[in-house]
file input36.txt (compact mmCIF, N, CA and C atoms)
# COMPACT_ATOMS: atom_id res chain seq x y z
N MET H 1 -53.64 51.68 27.06
CA MET H 1 -54.81 52.46 27.46
C MET H 1 -55.06 53.52 26.40
N THR H 2 -56.15 53.41 25.68
CA THR H 2 -56.46 54.38 24.64
C THR H 2 -57.10 55.62 25.25
N LEU H 3 -57.03 56.69 24.52
CA LEU H 3 -57.57 57.96 25.01
C LEU H 3 -59.05 57.84 25.34
N PHE H 4 -59.80 57.14 24.52
CA PHE H 4 -61.24 57.03 24.71
C PHE H 4 -61.64 55.70 25.34
N ALA H 5 -60.70 55.04 26.00
CA ALA H 5 -60.97 53.70 26.55
C ALA H 5 -62.15 53.68 27.50
N SER H 6 -62.34 54.74 28.27
CA SER H 6 -63.41 54.74 29.26
C SER H 6 -64.76 55.14 28.67
N LYS H 7 -64.78 55.50 27.41
CA LYS H 7 -66.02 55.95 26.77
C LYS H 7 -66.56 54.87 25.84
N ASN H 8 -67.85 54.63 25.95
CA ASN H 8 -68.53 53.78 24.99
C ASN H 8 -69.22 54.75 24.03
N PHE H 9 -68.64 54.96 22.86
CA PHE H 9 -69.14 56.02 22.01
C PHE H 9 -69.12 55.62 20.55
N THR H 10 -69.87 56.39 19.79
CA THR H 10 -69.89 56.29 18.34
C THR H 10 -69.54 57.67 17.81
N ALA H 11 -69.35 57.77 16.51
CA ALA H 11 -69.09 59.08 15.92
C ALA H 11 -70.27 60.01 16.17
N ASP H 12 -71.49 59.49 16.10
CA ASP H 12 -72.68 60.32 16.34
C ASP H 12 -72.76 60.80 17.79
N SER H 13 -72.48 59.89 18.73
CA SER H 13 -72.56 60.31 20.14
C SER H 13 -71.45 61.30 20.46
N LEU H 14 -70.28 61.13 19.85
CA LEU H 14 -69.19 62.08 20.05
C LEU H 14 -69.59 63.45 19.52
N GLN H 15 -70.22 63.48 18.35
CA GLN H 15 -70.66 64.76 17.78
C GLN H 15 -71.69 65.43 18.69
N GLN H 16 -72.62 64.66 19.21
CA GLN H 16 -73.63 65.22 20.12
C GLN H 16 -72.99 65.75 21.39
N ASP H 17 -72.03 65.01 21.93
CA ASP H 17 -71.36 65.46 23.14
C ASP H 17 -70.54 66.72 22.91
N LEU H 18 -69.87 66.82 21.75
CA LEU H 18 -69.14 68.05 21.44
C LEU H 18 -70.10 69.22 21.31
N ASP H 19 -71.26 68.98 20.69
CA ASP H 19 -72.28 70.04 20.60
C ASP H 19 -72.70 70.49 22.00
N THR H 20 -72.89 69.53 22.91
CA THR H 20 -73.28 69.84 24.28
C THR H 20 -72.22 70.69 24.97
N LEU H 21 -70.95 70.43 24.65
CA LEU H 21 -69.86 71.18 25.25
C LEU H 21 -69.66 72.55 24.59
N GLY H 22 -70.45 72.84 23.56
CA GLY H 22 -70.39 74.15 22.94
C GLY H 22 -69.58 74.23 21.65
N TYR H 23 -69.16 73.08 21.12
CA TYR H 23 -68.38 73.05 19.89
C TYR H 23 -69.25 72.45 18.80
N VAL H 24 -69.55 73.23 17.79
CA VAL H 24 -70.39 72.75 16.70
C VAL H 24 -69.49 71.95 15.76
N ALA H 25 -69.59 70.64 15.86
CA ALA H 25 -68.73 69.74 15.09
C ALA H 25 -69.46 69.21 13.87
N SER H 26 -68.81 69.30 12.73
CA SER H 26 -69.39 68.72 11.51
C SER H 26 -69.28 67.20 11.59
N ASP H 27 -69.98 66.53 10.69
CA ASP H 27 -69.88 65.08 10.60
C ASP H 27 -68.43 64.66 10.37
N ASN H 28 -67.71 65.42 9.56
CA ASN H 28 -66.32 65.08 9.24
C ASN H 28 -65.42 65.18 10.47
N ILE H 29 -65.60 66.21 11.27
CA ILE H 29 -64.78 66.37 12.47
C ILE H 29 -65.07 65.23 13.45
N ALA H 30 -66.32 64.95 13.68
CA ALA H 30 -66.68 63.88 14.62
C ALA H 30 -66.15 62.53 14.13
N LEU H 31 -66.29 62.25 12.86
CA LEU H 31 -65.81 60.98 12.31
C LEU H 31 -64.29 60.89 12.41
N THR H 32 -63.59 61.99 12.12
CA THR H 32 -62.13 62.00 12.21
C THR H 32 -61.67 61.73 13.64
N LEU H 33 -62.29 62.39 14.61
CA LEU H 33 -61.93 62.15 16.02
C LEU H 33 -62.22 60.72 16.42
N PHE H 34 -63.35 60.22 15.99
CA PHE H 34 -63.74 58.85 16.31
C PHE H 34 -62.73 57.85 15.74
N LEU H 35 -62.39 58.00 14.46
CA LEU H 35 -61.45 57.07 13.83
C LEU H 35 -60.05 57.18 14.44
N ALA H 36 -59.61 58.39 14.72
CA ALA H 36 -58.29 58.56 15.35
C ALA H 36 -58.25 57.87 16.71
N ALA H 37 -59.35 57.97 17.45
CA ALA H 37 -59.41 57.32 18.76
C ALA H 37 -59.39 55.80 18.61
N GLN H 38 -60.17 55.29 17.67
CA GLN H 38 -60.24 53.84 17.47
C GLN H 38 -58.90 53.28 16.98
N LEU H 39 -58.21 54.05 16.16
CA LEU H 39 -56.93 53.60 15.62
C LEU H 39 -55.74 53.99 16.50
N GLU H 40 -56.04 54.72 17.59
CA GLU H 40 -55.01 55.20 18.52
C GLU H 40 -53.93 56.00 17.78
N LYS H 41 -54.36 56.96 16.98
CA LYS H 41 -53.46 57.79 16.20
C LYS H 41 -53.55 59.24 16.64
N PRO H 42 -52.44 60.00 16.48
CA PRO H 42 -52.49 61.43 16.76
C PRO H 42 -53.46 62.12 15.80
N ILE H 43 -53.91 63.28 16.18
CA ILE H 43 -54.85 64.04 15.36
C ILE H 43 -54.14 65.31 14.89
N LEU H 44 -54.15 65.56 13.58
CA LEU H 44 -53.59 66.77 13.02
C LEU H 44 -54.74 67.67 12.62
N VAL H 45 -54.78 68.84 13.22
CA VAL H 45 -55.84 69.81 12.93
C VAL H 45 -55.17 71.03 12.31
N GLU H 46 -55.67 71.43 11.14
CA GLU H 46 -55.09 72.61 10.49
C GLU H 46 -56.18 73.62 10.17
N GLY H 47 -55.76 74.85 10.03
CA GLY H 47 -56.69 75.90 9.68
C GLY H 47 -56.13 77.24 10.09
N PRO H 48 -56.75 78.30 9.61
CA PRO H 48 -56.27 79.64 9.94
C PRO H 48 -56.51 79.96 11.42
N PRO H 49 -55.83 80.97 11.93
CA PRO H 49 -56.02 81.37 13.33
C PRO H 49 -57.49 81.67 13.61
N GLY H 50 -57.93 81.23 14.78
CA GLY H 50 -59.27 81.57 15.23
C GLY H 50 -60.38 80.61 14.84
N VAL H 51 -60.05 79.49 14.19
CA VAL H 51 -61.11 78.57 13.77
C VAL H 51 -61.48 77.55 14.85
N GLY H 52 -60.69 77.47 15.91
CA GLY H 52 -61.06 76.59 17.02
C GLY H 52 -60.21 75.35 17.19
N LYS H 53 -58.99 75.37 16.69
CA LYS H 53 -58.12 74.19 16.81
C LYS H 53 -57.80 73.89 18.27
N THR H 54 -57.39 74.90 19.00
CA THR H 54 -57.07 74.71 20.42
C THR H 54 -58.33 74.37 21.21
N THR H 55 -59.42 75.00 20.89
CA THR H 55 -60.69 74.72 21.57
C THR H 55 -61.10 73.27 21.36
N LEU H 56 -60.95 72.78 20.15
CA LEU H 56 -61.29 71.38 19.86
C LEU H 56 -60.42 70.44 20.69
N ALA H 57 -59.12 70.70 20.75
CA ALA H 57 -58.22 69.86 21.55
C ALA H 57 -58.59 69.90 23.03
N ARG H 58 -58.91 71.08 23.52
CA ARG H 58 -59.31 71.22 24.93
C ARG H 58 -60.61 70.46 25.21
N LEU H 59 -61.55 70.51 24.28
CA LEU H 59 -62.82 69.80 24.47
C LEU H 59 -62.64 68.29 24.42
N VAL H 60 -61.73 67.82 23.56
CA VAL H 60 -61.45 66.38 23.53
C VAL H 60 -60.90 65.95 24.89
N ALA H 61 -59.96 66.73 25.43
CA ALA H 61 -59.40 66.40 26.74
C ALA H 61 -60.49 66.42 27.81
N GLN H 62 -61.34 67.42 27.77
CA GLN H 62 -62.44 67.51 28.74
C GLN H 62 -63.39 66.32 28.59
N TYR H 63 -63.68 65.96 27.37
CA TYR H 63 -64.61 64.87 27.08
C TYR H 63 -64.15 63.55 27.67
N VAL H 64 -62.85 63.32 27.62
CA VAL H 64 -62.31 62.05 28.11
C VAL H 64 -61.70 62.17 29.50
N ASP H 65 -61.91 63.32 30.15
CA ASP H 65 -61.40 63.57 31.50
C ASP H 65 -59.88 63.39 31.55
N ALA H 66 -59.20 64.00 30.59
CA ALA H 66 -57.74 63.93 30.52
C ALA H 66 -57.14 65.29 30.88
N ASN H 67 -55.90 65.26 31.32
CA ASN H 67 -55.17 66.51 31.51
C ASN H 67 -54.96 67.15 30.14
N PHE H 68 -54.86 68.47 30.11
CA PHE H 68 -54.64 69.18 28.85
C PHE H 68 -53.41 70.05 28.98
N LEU H 69 -52.46 69.83 28.09
CA LEU H 69 -51.25 70.64 28.03
C LEU H 69 -51.13 71.23 26.65
N THR H 70 -50.54 72.40 26.56
CA THR H 70 -50.34 73.02 25.25
C THR H 70 -48.92 73.56 25.17
N LEU H 71 -48.34 73.42 24.00
CA LEU H 71 -47.01 73.95 23.71
C LEU H 71 -47.06 74.66 22.37
N SER H 72 -46.21 75.65 22.22
CA SER H 72 -46.00 76.28 20.93
C SER H 72 -44.68 75.77 20.38
N ALA H 73 -44.71 75.19 19.20
CA ALA H 73 -43.49 74.66 18.60
C ALA H 73 -42.47 75.76 18.36
N VAL H 74 -42.94 76.98 18.19
CA VAL H 74 -42.05 78.10 17.94
C VAL H 74 -41.32 78.50 19.22
N LEU H 75 -42.01 78.44 20.35
CA LEU H 75 -41.43 78.91 21.61
C LEU H 75 -40.87 77.81 22.50
N ALA H 76 -41.35 76.59 22.36
CA ALA H 76 -40.95 75.51 23.26
C ALA H 76 -39.62 74.89 22.82
N GLY H 77 -38.79 74.65 23.80
CA GLY H 77 -37.54 73.94 23.54
C GLY H 77 -37.66 72.50 24.02
N VAL H 78 -36.59 71.76 23.88
CA VAL H 78 -36.58 70.36 24.31
C VAL H 78 -36.88 70.27 25.81
N LYS H 79 -36.39 71.23 26.58
CA LYS H 79 -36.66 71.24 28.03
C LYS H 79 -38.16 71.31 28.30
N ASP H 80 -38.87 72.15 27.57
CA ASP H 80 -40.32 72.28 27.74
C ASP H 80 -41.04 70.98 27.37
N ILE H 81 -40.56 70.34 26.32
CA ILE H 81 -41.15 69.07 25.89
C ILE H 81 -40.93 68.01 26.96
N ARG H 82 -39.73 67.97 27.52
CA ARG H 82 -39.44 67.00 28.58
C ARG H 82 -40.31 67.26 29.81
N GLU H 83 -40.54 68.51 30.14
CA GLU H 83 -41.41 68.84 31.28
C GLU H 83 -42.84 68.35 31.01
N ALA H 84 -43.32 68.57 29.80
CA ALA H 84 -44.68 68.14 29.45
C ALA H 84 -44.80 66.62 29.50
N THR H 85 -43.80 65.92 28.97
CA THR H 85 -43.87 64.46 28.99
C THR H 85 -43.72 63.92 30.41
N ALA H 86 -42.95 64.60 31.23
CA ALA H 86 -42.82 64.19 32.64
C ALA H 86 -44.16 64.36 33.36
N GLN H 87 -44.86 65.45 33.09
CA GLN H 87 -46.20 65.66 33.67
C GLN H 87 -47.15 64.57 33.22
N ALA H 88 -47.08 64.21 31.95
CA ALA H 88 -47.96 63.16 31.42
C ALA H 88 -47.64 61.82 32.08
N GLN H 89 -46.37 61.52 32.27
CA GLN H 89 -45.98 60.26 32.93
C GLN H 89 -46.47 60.23 34.37
N MET H 90 -46.31 61.35 35.09
CA MET H 90 -46.77 61.41 36.48
C MET H 90 -48.28 61.22 36.56
N ALA H 91 -49.01 61.80 35.61
CA ALA H 91 -50.47 61.66 35.61
C ALA H 91 -50.88 60.21 35.39
N LEU H 92 -50.15 59.49 34.55
CA LEU H 92 -50.45 58.08 34.30
C LEU H 92 -50.11 57.19 35.50
N GLU H 93 -49.11 57.61 36.27
CA GLU H 93 -48.65 56.81 37.40
C GLU H 93 -49.31 57.22 38.73
N ALA H 94 -50.18 58.19 38.70
CA ALA H 94 -50.83 58.68 39.91
C ALA H 94 -51.77 57.62 40.49
N LYS H 95 -52.20 57.85 41.72
CA LYS H 95 -53.13 56.93 42.37
C LYS H 95 -54.39 56.75 41.53
N GLU H 96 -54.87 57.85 40.97
CA GLU H 96 -55.99 57.81 40.03
C GLU H 96 -55.45 58.25 38.67
N PRO H 97 -54.98 57.29 37.86
CA PRO H 97 -54.32 57.63 36.59
C PRO H 97 -55.22 58.41 35.64
N ARG H 98 -54.61 59.37 34.97
CA ARG H 98 -55.30 60.16 33.95
C ARG H 98 -54.42 60.26 32.72
N ARG H 99 -55.05 60.24 31.57
CA ARG H 99 -54.35 60.46 30.32
C ARG H 99 -54.06 61.94 30.17
N THR H 100 -53.19 62.27 29.24
CA THR H 100 -52.85 63.65 28.94
C THR H 100 -52.98 63.88 27.45
N VAL H 101 -53.66 64.96 27.10
CA VAL H 101 -53.74 65.41 25.72
C VAL H 101 -52.77 66.58 25.59
N LEU H 102 -51.85 66.48 24.62
CA LEU H 102 -50.91 67.55 24.36
C LEU H 102 -51.26 68.19 23.02
N PHE H 103 -51.53 69.48 23.05
CA PHE H 103 -51.78 70.24 21.83
C PHE H 103 -50.52 71.02 21.51
N VAL H 104 -49.96 70.81 20.33
CA VAL H 104 -48.76 71.54 19.91
C VAL H 104 -49.15 72.46 18.76
N ASP H 105 -49.14 73.75 19.07
CA ASP H 105 -49.46 74.76 18.06
C ASP H 105 -48.26 74.93 17.13
N GLU H 106 -48.52 75.01 15.85
CA GLU H 106 -47.48 75.18 14.83
C GLU H 106 -46.50 74.01 14.82
N ILE H 107 -47.01 72.79 14.99
CA ILE H 107 -46.15 71.61 15.11
C ILE H 107 -45.23 71.42 13.90
N HIS H 108 -45.63 71.93 12.75
CA HIS H 108 -44.78 71.79 11.57
C HIS H 108 -43.46 72.54 11.70
N ARG H 109 -43.35 73.38 12.72
CA ARG H 109 -42.12 74.14 12.94
C ARG H 109 -41.15 73.43 13.90
N PHE H 110 -41.54 72.27 14.41
CA PHE H 110 -40.64 71.50 15.28
C PHE H 110 -39.36 71.16 14.52
N ASN H 111 -38.23 71.30 15.21
CA ASN H 111 -36.97 70.87 14.62
C ASN H 111 -36.72 69.41 14.99
N LYS H 112 -35.64 68.84 14.50
CA LYS H 112 -35.35 67.42 14.72
C LYS H 112 -35.21 67.10 16.21
N SER H 113 -34.56 67.94 16.98
CA SER H 113 -34.39 67.70 18.42
C SER H 113 -35.73 67.68 19.14
N GLN H 114 -36.60 68.61 18.79
CA GLN H 114 -37.92 68.65 19.41
C GLN H 114 -38.71 67.39 19.03
N GLN H 115 -38.66 67.00 17.77
CA GLN H 115 -39.36 65.80 17.33
C GLN H 115 -38.86 64.57 18.07
N ASP H 116 -37.53 64.45 18.18
CA ASP H 116 -36.93 63.30 18.84
C ASP H 116 -37.30 63.24 20.32
N ALA H 117 -37.46 64.41 20.96
CA ALA H 117 -37.83 64.44 22.37
C ALA H 117 -39.28 64.02 22.60
N LEU H 118 -40.16 64.29 21.64
CA LEU H 118 -41.58 64.02 21.81
C LEU H 118 -42.02 62.65 21.29
N LEU H 119 -41.47 62.22 20.19
CA LEU H 119 -41.95 61.02 19.50
C LEU H 119 -42.07 59.76 20.37
N PRO H 120 -41.09 59.41 21.19
CA PRO H 120 -41.23 58.18 21.98
C PRO H 120 -42.46 58.17 22.89
N PHE H 121 -42.85 59.33 23.37
CA PHE H 121 -43.98 59.42 24.30
C PHE H 121 -45.32 59.36 23.57
N VAL H 122 -45.32 59.77 22.32
CA VAL H 122 -46.52 59.61 21.50
C VAL H 122 -46.64 58.15 21.09
N GLU H 123 -45.53 57.57 20.71
CA GLU H 123 -45.54 56.15 20.28
C GLU H 123 -45.94 55.20 21.38
N ASP H 124 -45.48 55.47 22.62
CA ASP H 124 -45.80 54.53 23.71
C ASP H 124 -47.11 54.85 24.42
N GLY H 125 -47.81 55.89 23.96
CA GLY H 125 -49.11 56.22 24.53
C GLY H 125 -49.08 57.02 25.81
N THR H 126 -47.91 57.54 26.19
CA THR H 126 -47.84 58.37 27.39
C THR H 126 -48.74 59.59 27.25
N LEU H 127 -48.84 60.09 26.04
CA LEU H 127 -49.74 61.22 25.80
C LEU H 127 -50.39 61.08 24.44
N ALA H 128 -51.53 61.74 24.31
CA ALA H 128 -52.24 61.80 23.03
C ALA H 128 -51.91 63.15 22.40
N LEU H 129 -51.49 63.14 21.17
CA LEU H 129 -51.05 64.36 20.49
C LEU H 129 -52.13 64.88 19.57
N ILE H 130 -52.44 66.15 19.76
CA ILE H 130 -53.36 66.84 18.85
C ILE H 130 -52.66 68.09 18.38

call {"tool": "encode", "arguments": {"input": "input36.txt", "output": "structure tokens"}}
result
Amino acid sequence: MTLFASKNFTADSLQQDLDTLGYVASDNIALTLFLAAQLEKPILVEGPPGVGKTTLARLVAQYVDANFLTLSAVLAGVKDIREATAQAQMALEAKEPRRTVLFVDEIHRFNKSQQDALLPFVEDGTLALI
């Protein structure tokens, strides 16, 4: 089940929908989101504080009617990652299944244990990583 499986969309329609939700998306942002969805790949968003990385992740989750979770790689331990993945699994197994978008702030600061705890759930599609 892909993150955008329930949406019939193009890069242009995604850009228009993000605009409607209040996020002014450039052609590059819309195309990147579109391709990541089509290829079922995580999305890496970088930039200085305040440019809208978390907002973009939240809007993607809203757009596809997915649960939205956020973690800070600096503050979250393996226990927090396991709790997030457990929530994502429960959402997928619910009577009305929903996908989960996980936004990890400062993901480059994850240590090996944190990476090992998260990777299987990204690989098997339990959650979409932004």

call {"tool": "atom_distance", "arguments": {"input": "input36.txt", "atom1": "atom CA of H:Asp80", "atom2": "atom CA of H:Leu21"}}
result
29.7 Å

call {"tool": "closest_residue", "arguments": {"input": "input36.txt", "among": "H:Leu18, H:Gly52, H:Arg109, H:Ala37", "to": "H:Ser72", "atoms": "all atoms listed in the file"}}
result
H:Arg109

call {"tool": "atom_distance", "arguments": {"input": "input36.txt", "atom1": "atom CA of H:Ala128", "atom2": "atom N of H:Ile43"}}
result
7.2 Å

call {"tool": "residues_around", "arguments": {"input": "input36.txt", "residues": "stretch 53-59 of chain H", "least_positions_apart": "5", "cutoff": "7 Å", "atoms": "all atoms listed in the file", "output": "PyMOL selection string"}}
result
chain H and resi 45-46+64+68+103+130

call {"tool": "closest_residue", "arguments": {"input": "input36.txt", "among": "H:Val74, H:Val51, H:Ala25, H:Ala66", "to": "H:Val101", "atoms": "all atoms listed in the file"}}
result
H:Ala66

call {"tool": "select_by_dssp", "arguments": {"input": "input36.txt", "residues": "chain H", "states": "strand (DSSP E or B)", "output": "list of chain:residue names"}}
result
H:Asn67, H:Phe68, H:Leu69, H:Thr70, H:Leu71, H:Ser72, H:Thr100, H:Val101, H:Leu102, H:Phe103, H:Val104, H:Asp105, H:Ala128, H:Leu129

call {"tool": "write_last_selection", "arguments": {"input": "input36.txt", "atoms": "N, CA and C atoms", "output": "PDB file, in the coordinates of the input"}}
result
ATOM      1  N   ASN H  67     -55.900  65.260  31.320  1.00  0.00           N
ATOM      2  CA  ASN H  67     -55.170  66.510  31.510  1.00  0.00           C
ATOM      3  C   ASN H  67     -54.960  67.150  30.140  1.00  0.00           C
ATOM      4  N   PHE H  68     -54.860  68.470  30.110  1.00  0.00           N
ATOM      5  CA  PHE H  68     -54.640  69.180  28.850  1.00  0.00           C
ATOM      6  C   PHE H  68     -53.410  70.050  28.980  1.00  0.00           C
ATOM      7  N   LEU H  69     -52.460  69.830  28.090  1.00  0.00           N
ATOM      8  CA  LEU H  69     -51.250  70.640  28.030  1.00  0.00           C
ATOM      9  C   LEU H  69     -51.130  71.230  26.650  1.00  0.00           C
ATOM     10  N   THR H  70     -50.540  72.400  26.560  1.00  0.00           N
ATOM     11  CA  THR H  70     -50.340  73.020  25.250  1.00  0.00           C
ATOM     12  C   THR H  70     -48.920  73.560  25.170  1.00  0.00           C
ATOM     13  N   LEU H  71     -48.340  73.420  24.000  1.00  0.00           N
ATOM     14  CA  LEU H  71     -47.010  73.950  23.710  1.00  0.00           C
ATOM     15  C   LEU H  71     -47.060  74.660  22.370  1.00  0.00           C
ATOM     16  N   SER H  72     -46.210  75.650  22.220  1.00  0.00           N
ATOM     17  CA  SER H  72     -46.000  76.280  20.930  1.00  0.00           C
ATOM     18  C   SER H  72     -44.680  75.770  20.380  1.00  0.00           C
ATOM     19  N   THR H 100     -53.190  62.270  29.240  1.00  0.00           N
ATOM     20  CA  THR H 100     -52.850  63.650  28.940  1.00  0.00           C
ATOM     21  C   THR H 100     -52.980  63.880  27.450  1.00  0.00           C
ATOM     22  N   VAL H 101     -53.660  64.960  27.100  1.00  0.00           N
ATOM     23  CA  VAL H 101     -53.740  65.410  25.720  1.00  0.00           C
ATOM     24  C   VAL H 101     -52.770  66.580  25.590  1.00  0.00           C
ATOM     25  N   LEU H 102     -51.850  66.480  24.620  1.00  0.00           N
ATOM     26  CA  LEU H 102     -50.910  67.550  24.360  1.00  0.00           C
ATOM     27  C   LEU H 102     -51.260  68.190  23.020  1.00  0.00           C
ATOM     28  N   PHE H 103     -51.530  69.480  23.050  1.00  0.00           N
ATOM     29  CA  PHE H 103     -51.780  70.240  21.830  1.00  0.00           C
ATOM     30  C   PHE H 103     -50.520  71.020  21.510  1.00  0.00           C
ATOM     31  N   VAL H 104     -49.960  70.810  20.330  1.00  0.00           N
ATOM     32  CA  VAL H 104     -48.760  71.540  19.910  1.00  0.00           C
ATOM     33  C   VAL H 104     -49.150  72.460  18.760  1.00  0.00           C
ATOM     34  N   ASP H 105     -49.140  73.750  19.070  1.00  0.00           N
ATOM     35  CA  ASP H 105     -49.460  74.760  18.060  1.00  0.00           C
ATOM     36  C   ASP H 105     -48.260  74.930  17.130  1.00  0.00           C
ATOM     37  N   ALA H 128     -51.530  61.740  24.310  1.00  0.00           N
ATOM     38  CA  ALA H 128     -52.240  61.800  23.030  1.00  0.00           C
ATOM     39  C   ALA H 128     -51.910  63.150  22.400  1.00  0.00           C
ATOM     40  N   LEU H 129     -51.490  63.140  21.170  1.00  0.00           N
ATOM     41  CA  LEU H 129     -51.050  64.360  20.490  1.00  0.00           C
ATOM     42  C   LEU H 129     -52.130  64.880  19.570  1.00  0.00           C
TER      43      LEU H 129
END

call {"tool": "select_by_dssp", "arguments": {"input": "input36.txt", "residues": "stretch 32-120 of chain H", "states": "helix (DSSP H, G or I)", "output": "compact mmCIF listing (two decimals) with N, CA and C atoms, keeping the file's coordinate frame"}}
result
# COMPACT_ATOMS: atom_id res chain seq x y z
N THR H 32 -63.59 61.99 12.12
CA THR H 32 -62.13 62.00 12.21
C THR H 32 -61.67 61.73 13.64
N LEU H 33 -62.29 62.39 14.61
CA LEU H 33 -61.93 62.15 16.02
C LEU H 33 -62.22 60.72 16.42
N PHE H 34 -63.35 60.22 15.99
CA PHE H 34 -63.74 58.85 16.31
C PHE H 34 -62.73 57.85 15.74
N LEU H 35 -62.39 58.00 14.46
CA LEU H 35 -61.45 57.07 13.83
C LEU H 35 -60.05 57.18 14.44
N ALA H 36 -59.61 58.39 14.72
CA ALA H 36 -58.29 58.56 15.35
C ALA H 36 -58.25 57.87 16.71
N ALA H 37 -59.35 57.97 17.45
CA ALA H 37 -59.41 57.32 18.76
C ALA H 37 -59.39 55.80 18.61
N GLN H 38 -60.17 55.29 17.67
CA GLN H 38 -60.24 53.84 17.47
C GLN H 38 -58.90 53.28 16.98
N LEU H 39 -58.21 54.05 16.16
CA LEU H 39 -56.93 53.60 15.62
C LEU H 39 -55.74 53.99 16.50
N LYS H 53 -58.99 75.37 16.69
CA LYS H 53 -58.12 74.19 16.81
C LYS H 53 -57.80 73.89 18.27
N THR H 54 -57.39 74.90 19.00
CA THR H 54 -57.07 74.71 20.42
C THR H 54 -58.33 74.37 21.21
N THR H 55 -59.42 75.00 20.89
CA THR H 55 -60.69 74.72 21.57
C THR H 55 -61.10 73.27 21.36
N LEU H 56 -60.95 72.78 20.15
CA LEU H 56 -61.29 71.38 19.86
C LEU H 56 -60.42 70.44 20.69
N ALA H 57 -59.12 70.70 20.75
CA ALA H 57 -58.22 69.86 21.55
C ALA H 57 -58.59 69.90 23.03
N ARG H 58 -58.91 71.08 23.52
CA ARG H 58 -59.31 71.22 24.93
C ARG H 58 -60.61 70.46 25.21
N LEU H 59 -61.55 70.51 24.28
CA LEU H 59 -62.82 69.80 24.47
C LEU H 59 -62.64 68.29 24.42
N VAL H 60 -61.73 67.82 23.56
CA VAL H 60 -61.45 66.38 23.53
C VAL H 60 -60.90 65.95 24.89
N ALA H 61 -59.96 66.73 25.43
CA ALA H 61 -59.40 66.40 26.74
C ALA H 61 -60.49 66.42 27.81
N GLN H 62 -61.34 67.42 27.77
CA GLN H 62 -62.44 67.51 28.74
C GLN H 62 -63.39 66.32 28.59
N TYR H 63 -63.68 65.96 27.37
CA TYR H 63 -64.61 64.87 27.08
C TYR H 63 -64.15 63.55 27.67
N VAL H 78 -36.59 71.76 23.88
CA VAL H 78 -36.58 70.36 24.31
C VAL H 78 -36.88 70.27 25.81
N LYS H 79 -36.39 71.23 26.58
CA LYS H 79 -36.66 71.24 28.03
C LYS H 79 -38.16 71.31 28.30
N ASP H 80 -38.87 72.15 27.57
CA ASP H 80 -40.32 72.28 27.74
C ASP H 80 -41.04 70.98 27.37
N ILE H 81 -40.56 70.34 26.32
CA ILE H 81 -41.15 69.07 25.89
C ILE H 81 -40.93 68.01 26.96
N ARG H 82 -39.73 67.97 27.52
CA ARG H 82 -39.44 67.00 28.58
C ARG H 82 -40.31 67.26 29.81
N GLU H 83 -40.54 68.51 30.14
CA GLU H 83 -41.41 68.84 31.28
C GLU H 83 -42.84 68.35 31.01
N ALA H 84 -43.32 68.57 29.80
CA ALA H 84 -44.68 68.14 29.45
C ALA H 84 -44.80 66.62 29.50
N THR H 85 -43.80 65.92 28.97
CA THR H 85 -43.87 64.46 28.99
C THR H 85 -43.72 63.92 30.41
N ALA H 86 -42.95 64.60 31.23
CA ALA H 86 -42.82 64.19 32.64
C ALA H 86 -44.16 64.36 33.36
N GLN H 87 -44.86 65.45 33.09
CA GLN H 87 -46.20 65.66 33.67
C GLN H 87 -47.15 64.57 33.22
N ALA H 88 -47.08 64.21 31.95
CA ALA H 88 -47.96 63.16 31.42
C ALA H 88 -47.64 61.82 32.08
N GLN H 89 -46.37 61.52 32.27
CA GLN H 89 -45.98 60.26 32.93
C GLN H 89 -46.47 60.23 34.37
N MET H 90 -46.31 61.35 35.09
CA MET H 90 -46.77 61.41 36.48
C MET H 90 -48.28 61.22 36.56
N ALA H 91 -49.01 61.80 35.61
CA ALA H 91 -50.47 61.66 35.61
C ALA H 91 -50.88 60.21 35.39
N LEU H 92 -50.15 59.49 34.55
CA LEU H 92 -50.45 58.08 34.30
C LEU H 92 -50.11 57.19 35.50
N GLU H 93 -49.11 57.61 36.27
CA GLU H 93 -48.65 56.81 37.40
C GLU H 93 -49.31 57.22 38.73
N ILE H 107 -47.01 72.79 14.99
CA ILE H 107 -46.15 71.61 15.11
C ILE H 107 -45.23 71.42 13.90
N HIS H 108 -45.63 71.93 12.75
CA HIS H 108 -44.78 71.79 11.57
C HIS H 108 -43.46 72.54 11.70
N ARG H 109 -43.35 73.38 12.72
CA ARG H 109 -42.12 74.14 12.94
C ARG H 109 -41.15 73.43 13.90
N LYS H 112 -35.64 68.84 14.50
CA LYS H 112 -35.35 67.42 14.72
C LYS H 112 -35.21 67.10 16.21
N SER H 113 -34.56 67.94 16.98
CA SER H 113 -34.39 67.70 18.42
C SER H 113 -35.73 67.68 19.14
N GLN H 114 -36.60 68.61 18.79
CA GLN H 114 -37.92 68.65 19.41
C GLN H 114 -38.71 67.39 19.03
N GLN H 115 -38.66 67.00 17.77
CA GLN H 115 -39.36 65.80 17.33
C GLN H 115 -38.86 64.57 18.07
N ASP H 116 -37.53 64.45 18.18
CA ASP H 116 -36.93 63.30 18.84
C ASP H 116 -37.30 63.24 20.32
N ALA H 117 -37.46 64.41 20.96
CA ALA H 117 -37.83 64.44 22.37
C ALA H 117 -39.28 64.02 22.60
N LEU H 118 -40.16 64.29 21.64
CA LEU H 118 -41.58 64.02 21.81
C LEU H 118 -42.02 62.65 21.29
N LEU H 119 -41.47 62.22 20.19
CA LEU H 119 -41.95 61.02 19.50
C LEU H 119 -42.07 59.76 20.37
N PRO H 120 -41.09 59.41 21.19
CA PRO H 120 -41.23 58.18 21.98
C PRO H 120 -42.46 58.17 22.89
